[in-house]
Structures are given as C-alpha cells and as structure tokens.
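Visitor: Following this line is entry-v6.cif, made up of mmCIF, C-alpha atoms:
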```cif
data_start
loop_
_atom_site.label_atom_id
_atom_site.label_comp_id
_atom_site.auth_asym_id
_atom_site.auth_seq_id
_atom_site.Cartn_x
_atom_site.Cartn_y
_atom_site.Cartn_z
CA MET K 25 -7.82 -4.59 24.85
CA GLN K 26 -4.67 -2.55 25.19
CA ARG K 27 -4.67 0.69 23.22
CA ARG K 28 -1.25 1.86 22.13
CA SER K 29 -0.76 5.60 22.17
CA GLN K 30 1.97 7.17 20.10
CA THR K 31 4.05 7.70 23.23
CA ALA K 32 3.99 4.05 24.13
CA VAL K 33 4.87 2.95 20.63
CA LEU K 34 7.70 5.42 20.34
CA ALA K 35 9.32 4.34 23.55
CA ALA K 36 9.23 0.73 22.38
CA ALA K 37 10.86 1.48 19.03
CA SER K 38 14.14 2.83 20.38
CA LEU K 39 16.65 0.40 18.81
CA LEU K 40 15.29 0.10 15.35
CA LEU K 41 14.48 1.44 13.28
CA ALA K 42 13.05 6.02 -0.10
CA ALA K 43 8.49 9.07 -2.82
CA GLY K 44 5.15 12.27 -4.67
CA CYS K 45 4.93 15.87 -4.21
CA SER K 46 7.18 18.86 -4.72
CA SER K 47 9.02 20.33 -1.83
CA GLY K 48 7.11 23.57 -1.37
CA GLY K 49 3.64 24.98 -0.82
CA ALA K 50 0.62 22.68 -1.23
CA PRO K 51 2.13 20.48 -3.92
CA PRO K 52 0.51 17.82 -6.03
CA GLU K 53 0.83 14.23 -4.97
CA GLY K 54 3.64 12.70 -6.98
CA GLY K 55 5.97 15.88 -7.72
CA GLY K 56 -0.30 2.55 -1.15
CA GLY K 57 0.74 -18.72 9.51
CA SER K 58 3.88 -18.53 11.39
CA PRO K 59 4.35 -15.65 13.78
CA ALA K 60 7.93 -15.23 12.65
CA ALA K 61 8.92 -12.69 10.00
CA PRO K 62 9.09 -14.02 6.43
CA SER K 63 12.55 -15.17 5.47
CA LYS K 64 14.16 -13.18 2.70
CA SER K 65 15.50 -16.45 1.30
CA ALA K 66 12.27 -18.43 1.55
CA ALA K 67 11.92 -20.81 -1.39
CA ALA K 68 8.22 -21.57 -1.23
CA SER K 69 5.38 -19.30 -2.21
CA PRO K 70 2.34 -18.66 0.03
CA GLY K 71 0.55 -21.24 -2.12
CA GLY K 72 3.41 -23.71 -1.90
CA THR K 73 4.70 -23.26 -5.46
CA PRO K 74 8.21 -21.84 -5.89
CA GLU K 75 8.96 -19.31 -8.60
CA SER K 76 10.59 -21.56 -11.22
CA THR K 77 11.36 -19.40 -14.23
CA ALA K 78 11.90 -15.74 -14.87
CA PRO K 79 9.19 -13.87 -16.80
CA PRO K 80 9.87 -12.63 -20.33
CA ALA K 81 11.53 -9.26 -20.77
CA LYS K 82 8.43 -7.90 -22.50
CA GLY K 83 4.93 -8.36 -21.20
CA SER K 84 1.43 -7.37 -22.20
CA VAL K 85 -1.68 -5.77 -20.74
CA LYS K 86 -5.22 -6.10 -22.07
CA VAL K 87 -8.24 -4.43 -20.47
CA THR K 88 -10.89 -7.13 -20.59
CA ARG K 89 -13.74 -5.28 -18.87
CA THR K 90 -14.82 -2.31 -16.81
CA LEU K 91 -16.17 -3.74 -13.58
CA THR K 92 -17.76 -0.57 -12.23
CA THR K 93 -17.83 3.21 -12.64
CA GLY K 94 -18.86 6.26 -10.65
CA LEU K 95 -16.64 5.72 -7.61
CA THR K 96 -15.70 8.70 -5.44
CA SER K 97 -12.03 9.06 -4.46
CA PRO K 98 -11.36 5.30 -4.27
CA TRP K 99 -8.19 4.41 -2.37
CA GLY K 100 -7.86 1.08 -0.58
CA VAL K 101 -9.12 -2.20 -2.04
CA ALA K 102 -9.45 -5.60 -0.35
CA VAL K 103 -10.40 -8.86 -2.04
CA LEU K 104 -12.94 -10.99 -0.19
CA PRO K 105 -12.53 -14.80 -0.14
CA GLY K 106 -15.16 -15.23 -2.85
CA GLY K 107 -13.52 -12.67 -5.15
CA ASP K 108 -15.72 -9.61 -4.54
CA LEU K 109 -13.98 -6.33 -3.75
CA LEU K 110 -14.25 -3.94 -0.84
CA VAL K 111 -13.34 -0.39 -1.85
CA ALA K 112 -12.64 2.53 0.49
CA SER K 113 -13.50 6.13 -0.42
CA ARG K 114 -10.86 8.49 0.93
CA ASP K 115 -13.05 11.58 1.07
CA THR K 116 -16.44 10.15 2.10
CA GLY K 117 -15.16 7.58 4.58
CA LYS K 118 -17.45 4.92 3.07
CA ILE K 119 -16.69 1.31 2.18
CA VAL K 120 -18.56 -0.34 -0.67
CA ARG K 121 -18.64 -3.93 -1.88
CA ILE K 122 -18.32 -4.51 -5.62
CA ALA K 123 -19.55 -7.85 -6.96
CA ALA K 124 -16.79 -9.37 -9.11
CA ASP K 125 -19.27 -10.88 -11.55
CA SER K 126 -21.78 -8.06 -12.05
CA GLY K 127 -20.14 -4.92 -10.66
CA LYS K 128 -23.11 -4.37 -8.34
CA LYS K 129 -22.34 -1.94 -5.51
CA THR K 130 -23.47 -2.44 -1.94
CA GLU K 131 -22.59 0.13 0.70
CA LEU K 132 -21.31 -1.38 3.92
CA GLY K 133 -21.31 1.91 5.81
CA SER K 134 -19.00 4.71 6.90
CA VAL K 135 -15.99 4.45 9.17
CA PRO K 136 -16.59 6.70 12.20
CA GLY K 137 -13.96 9.32 12.97
CA VAL K 138 -12.55 9.77 9.46
CA ASP K 139 -11.34 13.35 9.00
CA PRO K 140 -10.52 13.83 5.29
CA GLY K 141 -8.25 16.61 4.15
CA GLY K 142 -5.27 16.89 1.82
CA GLU K 143 -3.95 13.37 1.33
CA GLY K 144 -5.68 12.10 4.46
CA GLY K 145 -8.99 10.33 4.97
CA LEU K 146 -10.06 6.71 4.68
CA LEU K 147 -7.04 5.08 3.05
CA GLY K 148 -6.02 1.43 3.09
CA ILE K 149 -8.32 -1.48 3.95
CA ALA K 150 -7.70 -5.19 4.42
CA VAL K 151 -9.65 -8.26 5.45
CA SER K 152 -8.27 -10.51 8.14
CA SER K 153 -6.41 -13.70 7.30
CA THR K 154 -9.18 -15.54 9.15
CA PHE K 155 -12.05 -13.61 7.58
CA GLY K 156 -14.18 -16.71 7.08
CA ALA K 157 -14.32 -17.12 10.84
CA ASP K 158 -14.21 -13.57 12.22
CA HIS K 159 -15.50 -11.30 9.35
CA GLN K 160 -13.08 -8.54 10.37
CA VAL K 161 -12.35 -5.59 8.06
CA TYR K 162 -9.32 -3.43 8.90
CA ALA K 163 -9.02 0.24 7.93
CA TYR K 164 -6.21 2.81 8.06
CA PHE K 165 -7.62 6.32 8.34
CA THR K 166 -6.90 9.89 9.32
CA THR K 167 -8.68 11.40 12.31
CA ALA K 168 -8.62 14.94 13.71
CA SER K 169 -5.49 14.07 15.68
CA ASP K 170 -3.61 11.19 14.01
CA ASN K 171 -3.60 8.28 11.60
CA ARG K 172 -4.79 5.02 13.09
CA ILE K 173 -5.91 1.48 12.35
CA ALA K 174 -9.22 0.02 13.45
CA ARG K 175 -11.07 -3.20 12.74
CA MET K 176 -14.80 -3.65 12.31
CA ASN K 177 -17.08 -6.64 12.08
CA TYR K 178 -18.75 -6.95 8.66
CA ASP K 179 -22.24 -8.44 8.73
CA GLU K 180 -23.58 -8.67 5.18
CA LYS K 181 -26.95 -9.85 6.49
CA ARG K 182 -27.65 -6.39 7.89
CA PRO K 183 -29.24 -3.65 5.73
CA PRO K 184 -26.92 -1.91 3.26
CA GLY K 185 -25.26 1.11 4.84
CA ASN K 186 -25.44 -0.49 8.27
CA GLN K 187 -23.22 -3.54 7.85
CA LEU K 188 -20.15 -2.37 9.76
CA GLY K 189 -19.83 -2.82 13.49
CA ALA K 190 -18.30 -0.26 15.83
CA PRO K 191 -14.58 0.33 15.17
CA ASP K 192 -12.12 -1.33 17.51
CA THR K 193 -8.91 0.73 17.41
CA ILE K 194 -5.88 -1.54 17.44
CA PHE K 195 -3.16 1.06 16.78
CA LYS K 196 -3.09 4.84 16.98
CA GLY K 197 -0.67 7.73 17.21
CA ILE K 198 0.74 7.61 13.68
CA PRO K 199 1.50 11.26 12.81
CA LYS K 200 -0.85 12.91 10.31
CA GLY K 201 -0.35 15.74 7.83
CA GLN K 202 -1.79 17.40 4.76
CA ILE K 203 0.62 15.25 2.78
CA HIS K 204 2.45 11.94 3.13
CA ASN K 205 0.07 9.96 5.30
CA GLY K 206 1.09 6.63 3.80
CA GLY K 207 -1.93 4.40 4.36
CA ARG K 208 -1.52 1.04 2.66
CA ILE K 209 -2.19 -1.98 4.87
CA ALA K 210 -2.01 -5.67 3.99
CA PHE K 211 -1.82 -9.03 5.71
CA GLY K 212 1.36 -10.86 4.76
CA PRO K 213 1.95 -14.57 4.13
CA ASP K 214 2.78 -14.82 7.85
CA LYS K 215 -0.72 -13.52 8.74
CA MET K 216 0.76 -10.39 10.30
CA LEU K 217 -0.50 -6.90 9.41
CA TYR K 218 1.94 -4.68 7.50
CA VAL K 219 1.46 -0.90 7.41
CA GLY K 220 3.06 1.70 5.14
CA THR K 221 3.36 5.16 6.71
CA GLY K 222 4.58 8.57 5.53
CA GLU K 223 6.63 11.25 7.23
CA THR K 224 3.85 13.87 6.85
CA GLY K 225 6.27 16.34 5.27
CA ASP K 226 8.47 16.36 8.37
CA LYS K 227 11.54 14.74 6.83
CA GLY K 228 13.28 14.05 10.12
CA LEU K 229 10.60 11.60 11.22
CA ALA K 230 11.75 9.05 8.63
CA GLN K 231 15.09 8.63 10.41
CA ASP K 232 13.65 9.09 13.91
CA LYS K 233 13.63 5.62 15.42
CA ASP K 234 11.18 6.83 18.05
CA SER K 235 8.44 7.65 15.52
CA PRO K 236 6.16 5.30 13.54
CA ALA K 237 6.15 7.81 10.65
CA GLY K 238 8.16 7.14 7.48
CA LYS K 239 8.28 3.43 8.22
CA ILE K 240 6.85 0.03 7.41
CA LEU K 241 5.24 -1.41 10.52
CA ARG K 242 4.58 -5.07 11.25
CA MET K 243 2.07 -6.04 13.91
CA THR K 244 -0.23 -8.79 15.05
CA PRO K 245 -3.94 -8.61 14.14
CA ASP K 246 -4.40 -7.07 17.61
CA GLY K 247 -1.91 -4.26 16.92
CA GLU K 248 0.92 -5.62 19.03
CA PRO K 249 4.58 -5.98 17.94
CA ALA K 250 4.89 -9.17 15.89
CA HIS K 251 7.29 -11.90 16.96
CA GLY K 252 10.40 -11.78 14.81
CA ASN K 253 10.48 -7.99 14.42
CA PRO K 254 13.96 -6.44 14.58
CA GLU K 255 13.14 -5.08 18.05
CA ALA K 256 10.94 -7.33 20.16
CA ASP K 257 8.93 -4.50 21.73
CA SER K 258 8.43 -2.46 18.57
CA VAL K 259 6.09 -2.63 15.57
CA VAL K 260 8.75 -0.93 13.42
CA TYR K 261 9.92 -3.25 10.64
CA ASP K 262 12.18 -0.87 8.71
CA TYR K 263 12.70 2.89 8.34
CA GLY K 264 13.95 5.75 6.18
CA HIS K 265 10.87 6.10 3.96
CA ARG K 266 9.24 9.24 2.59
CA ASN K 267 5.76 7.94 1.79
CA VAL K 268 4.99 4.23 1.36
CA GLN K 269 1.72 3.49 -0.44
CA GLY K 270 2.34 0.11 -2.07
CA LEU K 271 2.94 -3.27 -0.42
CA ALA K 272 3.06 -6.68 -2.13
CA TRP K 273 4.71 -10.07 -1.74
CA ASP K 274 6.24 -12.16 -4.50
CA ASN K 275 5.94 -15.94 -4.81
CA ASP K 276 8.91 -16.40 -2.49
CA LYS K 277 7.31 -14.29 0.26
CA ARG K 278 9.63 -11.33 -0.25
CA LEU K 279 8.06 -7.96 0.53
CA TRP K 280 8.19 -5.15 -2.04
CA ALA K 281 7.17 -1.52 -1.48
CA SER K 282 6.66 1.52 -3.69
CA GLU K 283 7.66 4.95 -2.52
CA PHE K 284 7.06 8.53 -3.60
CA GLY K 285 10.15 10.57 -4.34
CA GLN K 286 10.33 14.31 -3.82
CA ASP K 287 11.61 16.01 -6.97
CA THR K 288 13.88 13.43 -8.55
CA TRP K 289 13.35 9.71 -8.00
CA ASP K 290 10.45 7.43 -7.13
CA GLU K 291 11.40 3.99 -5.89
CA LEU K 292 10.58 0.29 -5.84
CA ASN K 293 12.23 -1.26 -2.80
CA LEU K 294 12.86 -4.82 -1.68
CA ILE K 295 12.09 -4.69 2.03
CA GLU K 296 14.27 -6.36 4.64
CA PRO K 297 13.71 -6.05 8.38
CA GLY K 298 15.73 -3.46 10.24
CA LYS K 299 17.12 -1.81 7.12
CA ASN K 300 17.39 1.94 6.48
CA TYR K 301 16.04 3.07 3.08
CA GLY K 302 17.72 6.43 3.20
CA TRP K 303 15.16 9.23 3.20
CA PRO K 304 15.86 12.15 3.54
CA GLU K 305 19.60 11.57 3.22
CA VAL K 306 19.24 9.78 -0.12
CA GLU K 307 16.55 9.95 -2.81
CA GLY K 308 16.82 7.10 -5.29
CA LYS K 309 20.07 5.22 -5.69
CA ALA K 310 23.06 6.62 -3.85
CA LYS K 311 25.88 7.66 -6.18
CA GLY K 312 29.12 5.90 -5.40
CA GLY K 313 30.04 4.93 -1.87
CA GLY K 314 31.27 7.17 0.89
CA SER K 315 29.33 8.46 3.84
CA LYS K 316 26.20 9.44 1.89
CA GLY K 317 25.48 5.89 0.78
CA ALA K 318 26.82 4.12 3.82
CA GLY K 319 24.23 2.06 5.63
CA PHE K 320 21.37 2.79 3.22
CA VAL K 321 19.57 0.28 0.98
CA ASN K 322 19.31 1.27 -2.67
CA PRO K 323 16.00 0.80 -4.50
CA VAL K 324 15.74 -2.05 -6.99
CA GLU K 325 14.29 0.35 -9.58
CA GLN K 326 13.76 4.10 -9.76
CA TRP K 327 11.74 6.50 -11.92
CA LYS K 328 11.55 10.22 -12.53
CA THR K 329 8.62 11.50 -10.47
CA ALA K 330 6.83 12.77 -13.61
CA ASP K 331 6.80 9.22 -14.97
CA ALA K 332 5.52 7.45 -11.88
CA SER K 333 4.57 8.90 -8.47
CA PRO K 334 3.50 5.39 -7.47
CA SER K 335 0.76 4.28 -5.13
CA GLY K 336 -0.41 0.65 -5.07
CA ILE K 337 1.54 -2.36 -6.30
CA ALA K 338 0.71 -6.02 -6.93
CA PHE K 339 2.63 -9.16 -7.90
CA ALA K 340 1.44 -11.36 -10.77
CA LYS K 341 3.00 -13.42 -13.57
CA GLY K 342 6.51 -13.00 -12.19
CA SER K 343 6.37 -9.19 -12.18
CA VAL K 344 5.61 -6.34 -9.84
CA TRP K 345 2.89 -4.11 -11.29
CA MET K 346 2.90 -0.50 -10.09
CA ALA K 347 0.03 2.00 -10.40
CA SER K 348 1.20 5.55 -11.04
CA LEU K 349 -0.64 8.75 -10.24
CA ARG K 350 1.20 11.67 -11.82
CA GLY K 351 2.69 9.30 -14.42
CA GLU K 352 -0.80 8.05 -15.39
CA ARG K 353 0.49 4.62 -16.39
CA LEU K 354 0.90 1.07 -15.15
CA TRP K 355 4.48 -0.09 -14.80
CA ARG K 356 5.62 -3.71 -15.14
CA ILE K 357 8.87 -4.72 -13.42
CA PRO K 358 9.79 -8.33 -14.41
CA LEU K 359 11.85 -10.08 -11.74
CA ASP K 360 14.18 -13.05 -11.56
CA GLY K 361 14.33 -13.47 -7.81
CA THR K 362 15.39 -10.09 -6.46
CA LYS K 363 16.77 -8.74 -9.75
CA PRO K 364 14.94 -7.17 -12.71
CA VAL K 365 15.30 -9.15 -15.92
CA ALA K 366 14.67 -6.10 -18.09
CA ALA K 367 13.92 -2.40 -17.84
CA PRO K 368 10.46 -1.47 -16.50
CA GLN K 369 7.74 -1.43 -19.15
CA ALA K 370 4.88 1.11 -19.17
CA PHE K 371 1.27 0.42 -20.19
CA LEU K 372 -1.95 2.45 -20.51
CA LYS K 373 -0.04 5.73 -20.53
CA GLY K 374 -2.58 8.56 -20.21
CA THR K 375 -5.46 6.26 -21.19
CA TYR K 376 -7.32 6.23 -17.88
CA GLY K 377 -5.69 9.13 -16.04
CA ARG K 378 -4.27 8.74 -12.56
CA LEU K 379 -3.95 5.17 -11.31
CA ARG K 380 -4.21 4.59 -7.56
CA THR K 381 -4.45 0.90 -6.73
CA VAL K 382 -3.66 -2.39 -8.43
CA VAL K 383 -4.64 -5.70 -6.86
CA ALA K 384 -3.97 -9.30 -7.87
CA ALA K 385 -7.25 -11.11 -8.53
CA GLY K 386 -5.81 -14.52 -7.69
CA ASP K 387 -6.03 -16.03 -11.18
CA GLY K 388 -3.16 -14.13 -12.77
CA THR K 389 -5.33 -11.15 -13.66
CA LEU K 390 -5.36 -7.74 -12.02
CA TRP K 391 -7.89 -5.21 -10.77
CA LEU K 392 -6.84 -1.62 -11.54
CA VAL K 393 -8.44 1.40 -9.83
CA THR K 394 -8.29 4.94 -11.22
CA SER K 395 -7.93 8.09 -9.11
CA ASN K 396 -9.31 11.07 -11.01
CA THR K 397 -11.87 12.30 -8.46
CA ASP K 398 -9.33 12.92 -5.71
CA GLY K 399 -9.01 16.65 -6.43
CA ARG K 400 -5.81 16.31 -8.44
CA GLY K 401 -7.03 14.53 -11.53
CA THR K 402 -9.27 15.50 -14.43
CA PRO K 403 -12.43 13.40 -14.09
CA HIS K 404 -14.13 12.10 -17.21
CA LYS K 405 -17.55 10.54 -17.54
CA GLY K 406 -17.63 7.34 -15.51
CA ASP K 407 -14.72 8.16 -13.22
CA ASP K 408 -13.59 6.68 -11.04
CA ARG K 409 -13.61 3.11 -12.32
CA ILE K 410 -12.25 -0.38 -11.73
CA LEU K 411 -10.79 -2.29 -14.69
CA ARG K 412 -10.00 -5.98 -15.09
CA LEU K 413 -6.65 -6.63 -16.75
CA LYS K 414 -5.24 -9.72 -18.41
CA VAL K 415 -1.46 -9.49 -18.09
CA SER K 416 1.65 -11.40 -19.05
#
```
Step by step, read the file and then write its structure as structure tokens.
Guide:
Amino acid sequence: MQRRSQTAVLAAASLLLAAGCSSGGAPPEGGGGSPAAPSKSAAASPGGTPESTAPPAKGSVKVTRTLTTGLTSPWGVAVLPGGDLLVASRDTGKIVRIAADSGKKTELGSVPGVDPGGEGGLLGIAVSSTFGADHQVYAYFTTASDNRIARMNYDEKRPPGNQLGAPDTIFKGIPKGQIHNGGRIAFGPDKMLYVGTGETGDKGLAQDKDSPAGKILRMTPDGEPAHGNPEADSVVYDYGHRNVQGLAWDNDKRLWASEFGQDTWDELNLIEPGKNYGWPEVEGKAKGGGSKGAGFVNPVEQWKTADASPSGIAFAKGSVWMASLRGERLWRIPLDGTKPVAAPQAFLKGTYGRLRTVVAAGDGTLWLVTSNTDGRGTPHKGDDRILRLKVS
C-alpha cells in the first residue's frame, strides 16, 4: 500500500486549500456511499428522512444514567454497530470497549507508536463504514515525529488487551506540536474519512495550501484523495482553521465543525469544500467588509473562549450539541437548515467539569464524555465518566 509522506501530500495540495489556548507560554487548552463529496444542498438525510421542521427555540437536557466511570484522559469515541462504545485514552494510548447496556469495560489493547505530550497522544478514533465486514478501527495519534492515521483489525475473540492487529498507516506527515494537534476523525455519509487538524501553534500553516495542518481533510478509507475534493490530487477539503476538534453531519448531510479560538472567539462553522475559514487573519466573525473579511467564511455561531473552548460536537433533534472544555458546559445550537433559530443554549454548566466529546447514540439520545483527568481539569471521584443524555 502506498504510504503518503508529508512531502508528497503537500505537493499535491497546491491549488487548494476559524479555536483554545492563550497566545503565550504553555497555555491551557481553550484560552474534536457515493465517492463524491456531499452536496451542500442535499435534501435527504443519511437515513433517507429529510429535516422537515425546525426545532424549538428552547431545548432540554436530562442525564438519565452514568454509563461508566474511572476513565483516564478519554478523547475519541466511536460507536460500534451494536451500540457499544470504543473509547481512546489520549495519554495511555489504549482503546477500551464500553458495553452500552452494562458499562462493562474491555481493553482492546494499545496503539503502537503513540507519543503523548501536551495536547498530543491517542486522539480521535472511528470505525469503518463497512465494519461488519472488515472490523477496521481507525485512530489519529501523535508520534515522535508527526500526527498520523492508522487502521487496525479488531478481533474481539482474542484475549482482552490483545484484540488489536498491527497498525496499517494510511496517512502520515501531519505536523505535530505541544498544542493544536486537532485529532477528530469521522466517516461521513459518503463513506469517506474526514480529519480535523490543528496548526500546532504555527499560525501560518493554516493558510499554507501546501500543509495539511489547520485544515479539514477528506480521504478514502485507504488514505488517498477522495473523488470530488476541490483539488483532485489533494486530501485538503478546506483551510484556514486554528484547531478543529469537532465534526458532525446534520440530517441533510451538511458538515459542521467546532473550532478553538485564541483569546476572543470560538466558532461553529458550516463547512463547504475549498473555502477559507480565516485563521489567523480573522478570529470569529469579520467586522464589516473590506480586505480583512474578503474571501473568508464567517462562523455560524461564536462564543467567548471562557464560555466554550469546544471539542466534540454531535447532531441530534435538529440541533448541534457542542462539548466545551474551559466553558464546562454543553451548548445546544438549534438549526433551521443552515441558520440558527435561536441563540445557543447552555446546559450542565460546571456540573461535570470539562466536557470533551459528545456522540449521537442513534436513538435521539447522546453520550457525553468528561475530560477532567487530562492535566487541565480538577478530577473528582469517578472521573472521567460517560453520561447518557435525553435531549430535546
């Protein structure tokens, strides 16, 4: 299989190509079918049901259960076909399976080559769109030299701790840093793999069309440029991002992404191929027109970094739900198509500490993962935990 080095990827991205820590020192995080690209005007949902009515302006959140406790630096979460969860530990490099009914933990094993440090380590995970046939688990992780994506065969019949096959690297050469490693990966409705990356603190990389950093990438399950990308020979889908850690699709197959701001504005963006989301020229919504705002896409919503510093997002019940780290709350953004129907609504403020990942459970409920053992939170007994939420 072809292995793509950073040099090869950068050369291919030549034609193409807005957000958590403060700007100085070692700052805290905050201040994750068809081969063609999804159409931004698609009317049908992945399940074949169009979004018919806008959600109410005000929603609700109820914690119905604690699925499990005692997790160490949980980051990425993937939902298996039967509903169980795979959870990645950033700092230990391990993946565990959590039974959705009982909360029982089973260790799959460790991902070889993970080099944790700062905001790096074992980050996003995903299961293939054809998992029932190939049992492939994908992982985005930091090594001693870069960030990369590998896939591993998962054999649950093997002994716990030894259920992962050898990693097959499908993409490498994504710049790494102490901060802003991005890391969220997800398979889209088109069965292509989408990847959120960060600019590692080197702001210029976000606008550098020859770098995969500060971008959203779109690739085949083998790590090759996906058909329908803005540039045929490039995995780059869009650019101008500071640190993308949330990816989710709505019922009309539109892609949404959360982004850490620097000192002023965090963002929720509606992603369109080939667009420039402005970092570092613009943080949040550009004021007025003129040269500063020319050519940049404004976020759909923005937050002060103290109120959000977002990581994972999910779509359920007509709203985007956004987990916030520094803000220690879950945000609800109700949408009518591409437009909010009301101001964002906050839930669980300060109740469970830092919130890293939120995942749709498939029945209108959500899984919510805390992040208090990552070195920046204040762990309490039982941290970190996964909660089941009933939302409206």
Visitor: Could you please give me, as a list in words, the residues of protein, DNA or RNA lying at most 7 Å from (-3.6, -6.6, -13.6) in the coordinate frame of the file, considering only C-alpha atoms?
Guide: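 Answer for this query, in the requested form: Val382, Val383, Ala384, Thr389, Leu390, Trp391, Leu392, Arg412, Leu413, Lys414 and Val415 of chain K.
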Visitor: Return as JSON, numbers by chain the set of residues that the PyMOL selection byres ((chain K and resi 195) around 6) yields on the displayed structure.
Guide: {"K": [28, 172, 173, 193, 194, 196, 247]}
Visitor: I'd like the residues picked by the PyMOL selection byres ((chain K and resi 94) around 9) written out as a list of chain:residue names, using the chain letters and numbers from the file.
Guide: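 Expected selection for the PyMOL selection byres ((chain K and resi 94) around 9) here is K:Thr92, K:Thr93, K:Leu95, K:Thr96, K:Lys405, K:Gly406, K:Asp407, K:Asp408, K:Arg409.
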Visitor: With all atoms listed in the file as the counted atoms, please give the residues lying no more than 10 Å from Gln231 of chain K, apart from itself and same-chain residues fewer than 5 positions off, as a PyMOL selection string.
Guide: chain K and resi 40-41+223+237-239+263-266+300-305
Visitor: Assuming the chain letters and numbering stay as they are in my file, what does the PyMOL selection byres ((chain K and resi 339) around 8) actually select? List them as a tab-separated table (two decimals) with C-alpha atoms, in the frame of the given file.
Guide:
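Ended up saving to out_39.tsv:
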```tsv
chain	number	residue	atom	x	y	z
K	272	ALA	CA	3.06	-6.68	-2.13
K	273	TRP	CA	4.71	-10.07	-1.74
K	274	ASP	CA	6.24	-12.16	-4.50
K	337	ILE	CA	1.54	-2.36	-6.30
K	338	ALA	CA	0.71	-6.02	-6.93
K	340	ALA	CA	1.44	-11.36	-10.77
K	341	LYS	CA	3.00	-13.42	-13.57
K	342	GLY	CA	6.51	-13.00	-12.19
K	343	SER	CA	6.37	-9.19	-12.18
K	344	VAL	CA	5.61	-6.34	-9.84
K	345	TRP	CA	2.89	-4.11	-11.29
K	384	ALA	CA	-3.97	-9.30	-7.87
```
Visitor: So which residues are close to (-4.9, 6.4, -8.7), meaning at most 6 Å away in the file's coordinates with all atoms listed in the file counted, and can you show them as a list of chain:residue names?
Guide: K:Leu349, K:Arg378, K:Leu379, K:Arg380, K:Thr381, K:Thr394, K:Ser395
Visitor: Which residue gives the smallest distance to Gln187 of chain K among K:Leu132, K:Ala174, K:Val161, K:Val138, with all atoms listed in the file counted?
Guide: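 The closest residue to Gln187 of chain K is K:Leu132.
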Visitor: Quick one: pull the distance between atom CA of Ser152 of chain K and atom CA of Asp398 of chain K, Å, one decimal.
Guide: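 Between these atoms lies a distance of 27.2 Å.
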Visitor: Using only C-alpha atoms, which residue out of K:Gly228, K:Gly399, K:Pro323, K:Gly100 lies closest to Ala210 of chain K?
Guide: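 Smallest separation from Ala210 of chain K among the options: K:Gly100.
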Visitor: Residues at most 10 Å from Leu110 of chain K, counting only C-alpha atoms, excluding those fewer than 3 positions away in the same chain, as a PyMOL selection string?
Guide: chain K and resi 100-104+107+119-123+129-132+149-151+161
Visitor: Quick check, in Å to one decimal: how far apart do atom CA of Val87 of chain K and atom CA of Gly336 of chain K lie?
Guide: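 These two atoms are separated by 18.0 Å.
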Visitor: Do a neighbour search on Ala250 of chain K at 10 Å with only C-alpha atoms, toss out local chain neighbours closer than 2 positions, and write the hits as an mmCIF file with C-alpha atoms, keeping the file's coordinate frame.
Guide:
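Final output, saved to part_11.cif:
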```
data_model
loop_
_atom_site.group_PDB
_atom_site.id
_atom_site.type_symbol
_atom_site.label_atom_id
_atom_site.label_comp_id
_atom_site.auth_asym_id
_atom_site.auth_seq_id
_atom_site.Cartn_x
_atom_site.Cartn_y
_atom_site.Cartn_z
ATOM 1 C CA PRO K 59 4.350 -15.650 13.780
ATOM 2 C CA ALA K 60 7.930 -15.230 12.650
ATOM 3 C CA ALA K 61 8.920 -12.690 10.000
ATOM 4 C CA MET K 216 0.760 -10.390 10.300
ATOM 5 C CA LEU K 217 -0.500 -6.900 9.410
ATOM 6 C CA TYR K 218 1.940 -4.680 7.500
ATOM 7 C CA LEU K 241 5.240 -1.410 10.520
ATOM 8 C CA ARG K 242 4.580 -5.070 11.250
ATOM 9 C CA MET K 243 2.070 -6.040 13.910
ATOM 10 C CA THR K 244 -0.230 -8.790 15.050
ATOM 11 C CA PRO K 245 -3.940 -8.610 14.140
ATOM 12 C CA ASP K 246 -4.400 -7.070 17.610
ATOM 13 C CA GLY K 247 -1.910 -4.260 16.920
ATOM 14 C CA GLU K 248 0.920 -5.620 19.030
ATOM 15 C CA GLY K 252 10.400 -11.780 14.810
ATOM 16 C CA ASN K 253 10.480 -7.990 14.420
ATOM 17 C CA PRO K 254 13.960 -6.440 14.580
ATOM 18 C CA GLU K 255 13.140 -5.080 18.050
ATOM 19 C CA ALA K 256 10.940 -7.330 20.160
ATOM 20 C CA ASP K 257 8.930 -4.500 21.730
ATOM 21 C CA SER K 258 8.430 -2.460 18.570
ATOM 22 C CA VAL K 259 6.090 -2.630 15.570
ATOM 23 C CA VAL K 260 8.750 -0.930 13.420
ATOM 24 C CA TYR K 261 9.920 -3.250 10.640
#
```
Visitor: So how far away is atom CA of Val393 of chain K from atom CA of Ser126 of chain K, in Å?
Guide: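 Interatomic distance here is 16.5 Å.
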Visitor: Determine the nearest neighbour of Thr116 of chain K from the options K:Gly319, K:Gly197, K:Pro140, K:Gly225, counting all atoms listed in the file.
Guide: K:Pro140
Visitor: List as an MDAnalysis selection string the protein and nucleic acid residues near Leu146 of chain K, meaning an atom at most 10 Å away when only C-alpha atoms are counted, but skip any in the same chain fewer than 2 places from it.
Guide: chainID K and resid 97:100 112:119 134:140 143:144 148:149 163:167 171 207
Visitor: Which residue gives the smallest distance to Asn267 of chain K among K:Thr224, K:Thr375, K:Asn293, K:Thr154, with all atoms listed in the file counted?
Guide: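 Result for the nearest residue to Asn267 of chain K: K:Thr224.
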Visitor: Which residue, K:Ala190, K:Arg350, K:Gly145, K:Arg182, has the smallest gap to Ile203 of chain K when you use all atoms listed in the file?
Guide: K:Gly145
Visitor: For Pro364 of chain K, list every protein, DNA or RNA residue within 10 Å, evaluated using all atoms listed in the file, and leave out those in the same chain fewer than 4 positions away; present the list as a list in words.
Guide: Ala78, Pro79, Ala81, Val324, Glu325, Ser343, Val344, Ile357, Pro358, Leu359, Asp360 and Pro368 of chain K
Visitor: Rank K:Pro199, K:Gly220, K:Gly401, K:Gly374 by their smallest atom-to-atom distance to Ser335 of chain K, using all atoms listed in the file, and report the top residue only.
Guide: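 Of all the options, K:Gly220 lies closest to Ser335 of chain K.
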